[in-house]
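Engineer: Just dropping this structure here.
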2 protein chains.
Amino acid sequence: MLAVVIDRDECDRPRTRLARDVPPPAPAAGEVLIDVRVAGICSTDLELARGYMGFRGIPGHEFVGTVRSPGPLHGRRVVAEINVPPPGFDGNLTARKHAADRTVLGILGRDGAFAEQVALPAACCLPVPDDLSDDVAVFAEPVAAALQILEDCDLSGVTRAGVIGAGRLGLLCGQVLTRACPETDLLVRSAARAGLAAELGLRPLSLDAVPPGRPYDLLVDCTGAPEGLAWCLAHLRPRGQIVLKSTYADPRPIDLAPVVIDEIRIHGSRCGPMDAALDALARGEVAVTPLISTRYPLAEAERALAAAARRENVKVLLDCGSA
Amino acid sequence: MLAVVIDRDECDRPRTRLARDVPPPAPAAGEVLIDVRVAGICSTDLELARGYMGFRGIPGHEFVGTVRSPGPLHGRRVVAEINVPPPGFDGNLTARKHAADRTVLGILGRDGAFAEQVALPAACCLPVPDDLSDDVAVFAEPVAAALQILEDCDLSGVTRAGVIGAGRLGLLCGQVLTRACPETDLLVRSAARAGLAAELGLRPLSLDAVPPGRPYDLLVDCTGAPEGLAWCLAHLRPRGQIVLKSTYADPRPIDLAPVVIDEIRIHGSRCGPMDAALDALARGEVAVTPLISTRYPLAEAERALAAAARRENVKVLLDCGSA
């Protein structure tokens with residue numbers, strides 16, 4: 001089958017390529033085979049391509065597909081919980097996503113969805129309501145990640161909040177946080193992104209226009225760069241909170257002295273509840289289709305990945321052939 | 001007067017020297033002049049000498065002294081709250097220590113106590129009970145910093161805790177945390193430090209002997225080095241907590257991806273309640289004199305600072321001439 005593959009070149013450098021001869025996945029016991037309909041490109045995918053997590057295999061963890069295997073899910077459109085615990089594991093989302101011997105779809109030890117087909121445990125699949133389009137449902141995973149910030153921070157005492165990194169994830173986190181904390185700024189670099197933020201009902205604020213005096217009680221770092229954390233530390237009030245969503249391939253020097261001096265709380269935050277994300281999408285609480293900048297067929301995945309890396313684009317979708 | 005001075009050499013490199021011709025401090029309105037009796041050398045002092053905070057002036061923020069100025073404190077032995085808010089400022093400890101235009105004794109915009117005399121607002125001074133010796137009272141500031149960790153973390157759900165960096169501050173944090181969480185390991189490199197930890201009633205554990213599988217719910221980083229945070233991230237359970245006490249002069253590369261992947265909470269933590277520290281010392285809840293490795297007269301402060309930088313020493317005291 002056709003699939004995006006991250007491997008290593010002859011100099012052991014990470015390499016991402018479209019492969020046409022990838023064997024289709026062989027579902028293990030309890031797993032189902034899924035025809036991928038649409039997949040979304042996330043910043044994590046771009047970091048994986050740069051070597052993050054040392055990943056080798058097929059990336060892609062945002063998708064909607066149709067179950068091909070027989071059983072109760074046969075023929076159903078599904079999205080999936082990407083953290084896959086070992087067989088027989090029993091536990092809630094938090095336990096599953098932190099199980100020591102988990103795999104993570106397209107990120108850790110498990111081939112992902114930038115392919116014609118993907119295999120996942122049936123228990124990880126969530127049927128998509130019929131009235132939710134593929135282009136909406138494909139956002140379930142990042143919307144879940146955005147919802148998770150409400151679990152990971154403490155909103156008591158928070159009056160003014162901000163989200164920095166007005167990209168794929170930041171525009172979703174901004175919507176979730178604005179519902180919980182109306183005084184939320186979506187911090188933007190460009191007028192174009194400010195326009196999109198306003199269209200989504202957010203309150204865009206240019207980085208240059210942030211008032212002096214460290215106005216924020218809470219900042220969510222969605223920049224995907226160490227500069228994001230440094231910016232947060234410079235603009236957060238003492239004893240304020242940072243929700244850290246950014247991961248990146250290269251450790252870089254970060255001055256953490258302000259964390260101690262200003263007694264900042266940092267909360268690492270990763271995946272969230274997929275069922276709540278589907279509900280939020282079904283109720284129209286999070287607008288997602290305005291984020292779609294462009295789309296490519298899977299056969300043009302290399303162009304799609306290049307497009308996703310360009311600042312002017314937000315979400316880039318891959319049509320994987322089964323829509 | 002005699003004082004330790006941090007300035008810059010002709011190449012603008014930080015330089016620390018003993019000066020014999022420093023003008024005595026001139027107390028401002030509301031301030032008292034204090035004859036320093038004993039001062040303690042902290043890792044922060046060593047970092048200031050390496051350029052941390054860009055500090056220039058007299059370092060030293062752990063001290064006990066005798067008030068020379070007339071008034072209600074005249075002749076009293078005192079320790080002092082080191083965070084000095086601007087005149088007229090009204091607020092609790094948290095507000096004072098984070099006041100935007102504060103000075104901090106021997107750290108930020110205010111000459112410190114490695115001198116024969118120091119000036120501080122009378123409102124910052126706390127009388128020392130007569131039965132508390134100078135060698136105990138001089139620990140009030142670092143004991144306050146240790147007590148602060150209980151304010152800054154969430155002990156619910158914490159079964160096993162650890163303190164890494166079994167030095168001046170770590171041995172105090174270990175004692176405070178052990179009282180709150182009996183299953184606390186004091187993580188040590190050397191047998192000598194293990195012996196001292198055991199003498200203090202702590203549970204020393206060699207870094208080599210930490211069981212596999214990330215056993216800690218809470219870790220306190222007192223290493224004063226970025227390696228401390230990396231160690232914590234490698235040995236903390238998912239969704240565990242780190243109390244960050246370490247500050248250091250040089251930003252160095254730190255891989256923060258585990259913070260996100262494992263959804264770690266990091267709490268920066270600095271100064272604590274001086275009154276509670278004096279109480280804890282008076283009640284004998286924190287043993288401090290076993291930490292005193294050696295002492296020097298102020299006139300040999302350069303030797304004292306060199307001694308404090310050697311790993312075999314814990315607390316090094318300066319006898320500043322007025323004991």
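Convention: chains lettered A, B, ... in structure tokens order; per-chain residue numbering from 1; ligands numbered from 1 as shown.
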Would you please extract all helix (DSSP H, G or I) residues from stretch 174-299 of chain A, as assigned by DSSP on the backbone, and give them as a VMD selection string?
Structural biologist: chain A and resid 174 to 180 191 to 199 207 to 209 226 to 235 257 to 261 274 to 282 289 to 291 298 to 299
Engineer: Mind running chain B against chain A at 7 Å and telling me each contacting residue's nearest atom pair with the distance in Å (one decimal), counting only C-alpha atoms, chain and number ascending, as JSON lines?
Structural biologist:
{"residue": "B:His98", "atom": "CA", "partner": "A:Pro238", "partner_atom": "CA", "distance": 6.2}
{"residue": "B:Pro238", "atom": "CA", "partner": "A:His98", "partner_atom": "CA", "distance": 6.2}
{"residue": "B:Leu244", "atom": "CA", "partner": "A:Val260", "partner_atom": "CA", "distance": 6.4}
{"residue": "B:Lys245", "atom": "CA", "partner": "A:Val260", "partner_atom": "CA", "distance": 6.2}
{"residue": "B:Thr247", "atom": "CA", "partner": "A:Ala257", "partner_atom": "CA", "distance": 5.2}
{"residue": "B:Tyr248", "atom": "CA", "partner": "A:Ala257", "partner_atom": "CA", "distance": 6.9}
{"residue": "B:Pro251", "atom": "CA", "partner": "A:Asp255", "partner_atom": "CA", "distance": 4.5}
{"residue": "B:Arg252", "atom": "CA", "partner": "A:Pro253", "partner_atom": "CA", "distance": 4.3}
{"residue": "B:Pro253", "atom": "CA", "partner": "A:Pro253", "partner_atom": "CA", "distance": 3.6}
{"residue": "B:Ile254", "atom": "CA", "partner": "A:Pro251", "partner_atom": "CA", "distance": 5.4}
{"residue": "B:Asp255", "atom": "CA", "partner": "A:Pro251", "partner_atom": "CA", "distance": 4.5}
{"residue": "B:Ala257", "atom": "CA", "partner": "A:Thr247", "partner_atom": "CA", "distance": 5.2}
{"residue": "B:Val259", "atom": "CA", "partner": "A:Gly268", "partner_atom": "CA", "distance": 5.0}
{"residue": "B:Val260", "atom": "CA", "partner": "A:Gly268", "partner_atom": "CA", "distance": 4.1}
{"residue": "B:Ile261", "atom": "CA", "partner": "A:Arg270", "partner_atom": "CA", "distance": 6.1}
{"residue": "B:Asp262", "atom": "CA", "partner": "A:His98", "partner_atom": "CA", "distance": 6.8}
{"residue": "B:Glu263", "atom": "CA", "partner": "A:Gly268", "partner_atom": "CA", "distance": 4.1}
{"residue": "B:Ile264", "atom": "CA", "partner": "A:Gly268", "partner_atom": "CA", "distance": 5.1}
{"residue": "B:Arg265", "atom": "CA", "partner": "A:His267", "partner_atom": "CA", "distance": 4.6}
{"residue": "B:Ile266", "atom": "CA", "partner": "A:Ile266", "partner_atom": "CA", "distance": 5.0}
{"residue": "B:His267", "atom": "CA", "partner": "A:Arg265", "partner_atom": "CA", "distance": 4.6}
{"residue": "B:Gly268", "atom": "CA", "partner": "A:Val260", "partner_atom": "CA", "distance": 4.1}
{"residue": "B:Ser269", "atom": "CA", "partner": "A:Glu263", "partner_atom": "CA", "distance": 4.9}
{"residue": "B:Arg270", "atom": "CA", "partner": "A:Val260", "partner_atom": "CA", "distance": 5.9}
Engineer: With a distance cut-off of 9 Å and only C-alpha atoms, select the neighbouring residues of stretch 76-88 of chain B, excluding the residue or stretch itself and same-chain residues fewer than 3 positions from it, and output the selection as an MDAnalysis selection string.
Structural biologist: chainID B and resid 29:30 34 37 61:68 72:73 93 95:107 110 120:130 134 137:138 140:141 271:275 278
Engineer: With distances taken over only C-alpha atoms, which residue among B:Gly40, B:Pro290, B:Gly165, B:Pro24 lies nearest B:Gly60?
Structural biologist: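 Once distances to B:Gly60 are computed over only C-alpha atoms, the minimum belongs to B:Gly40.
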Engineer: Atom CA of B:Ala119 to atom CA of B:Asp35: how many Å, to one decimal?
Structural biologist: 8.9 Å
Engineer: For A:Ala115, which of A:Gly57, A:Gly51, A:Gly162, A:Gly224 is the closest residue, counting only C-alpha atoms?
Structural biologist: A:Gly57
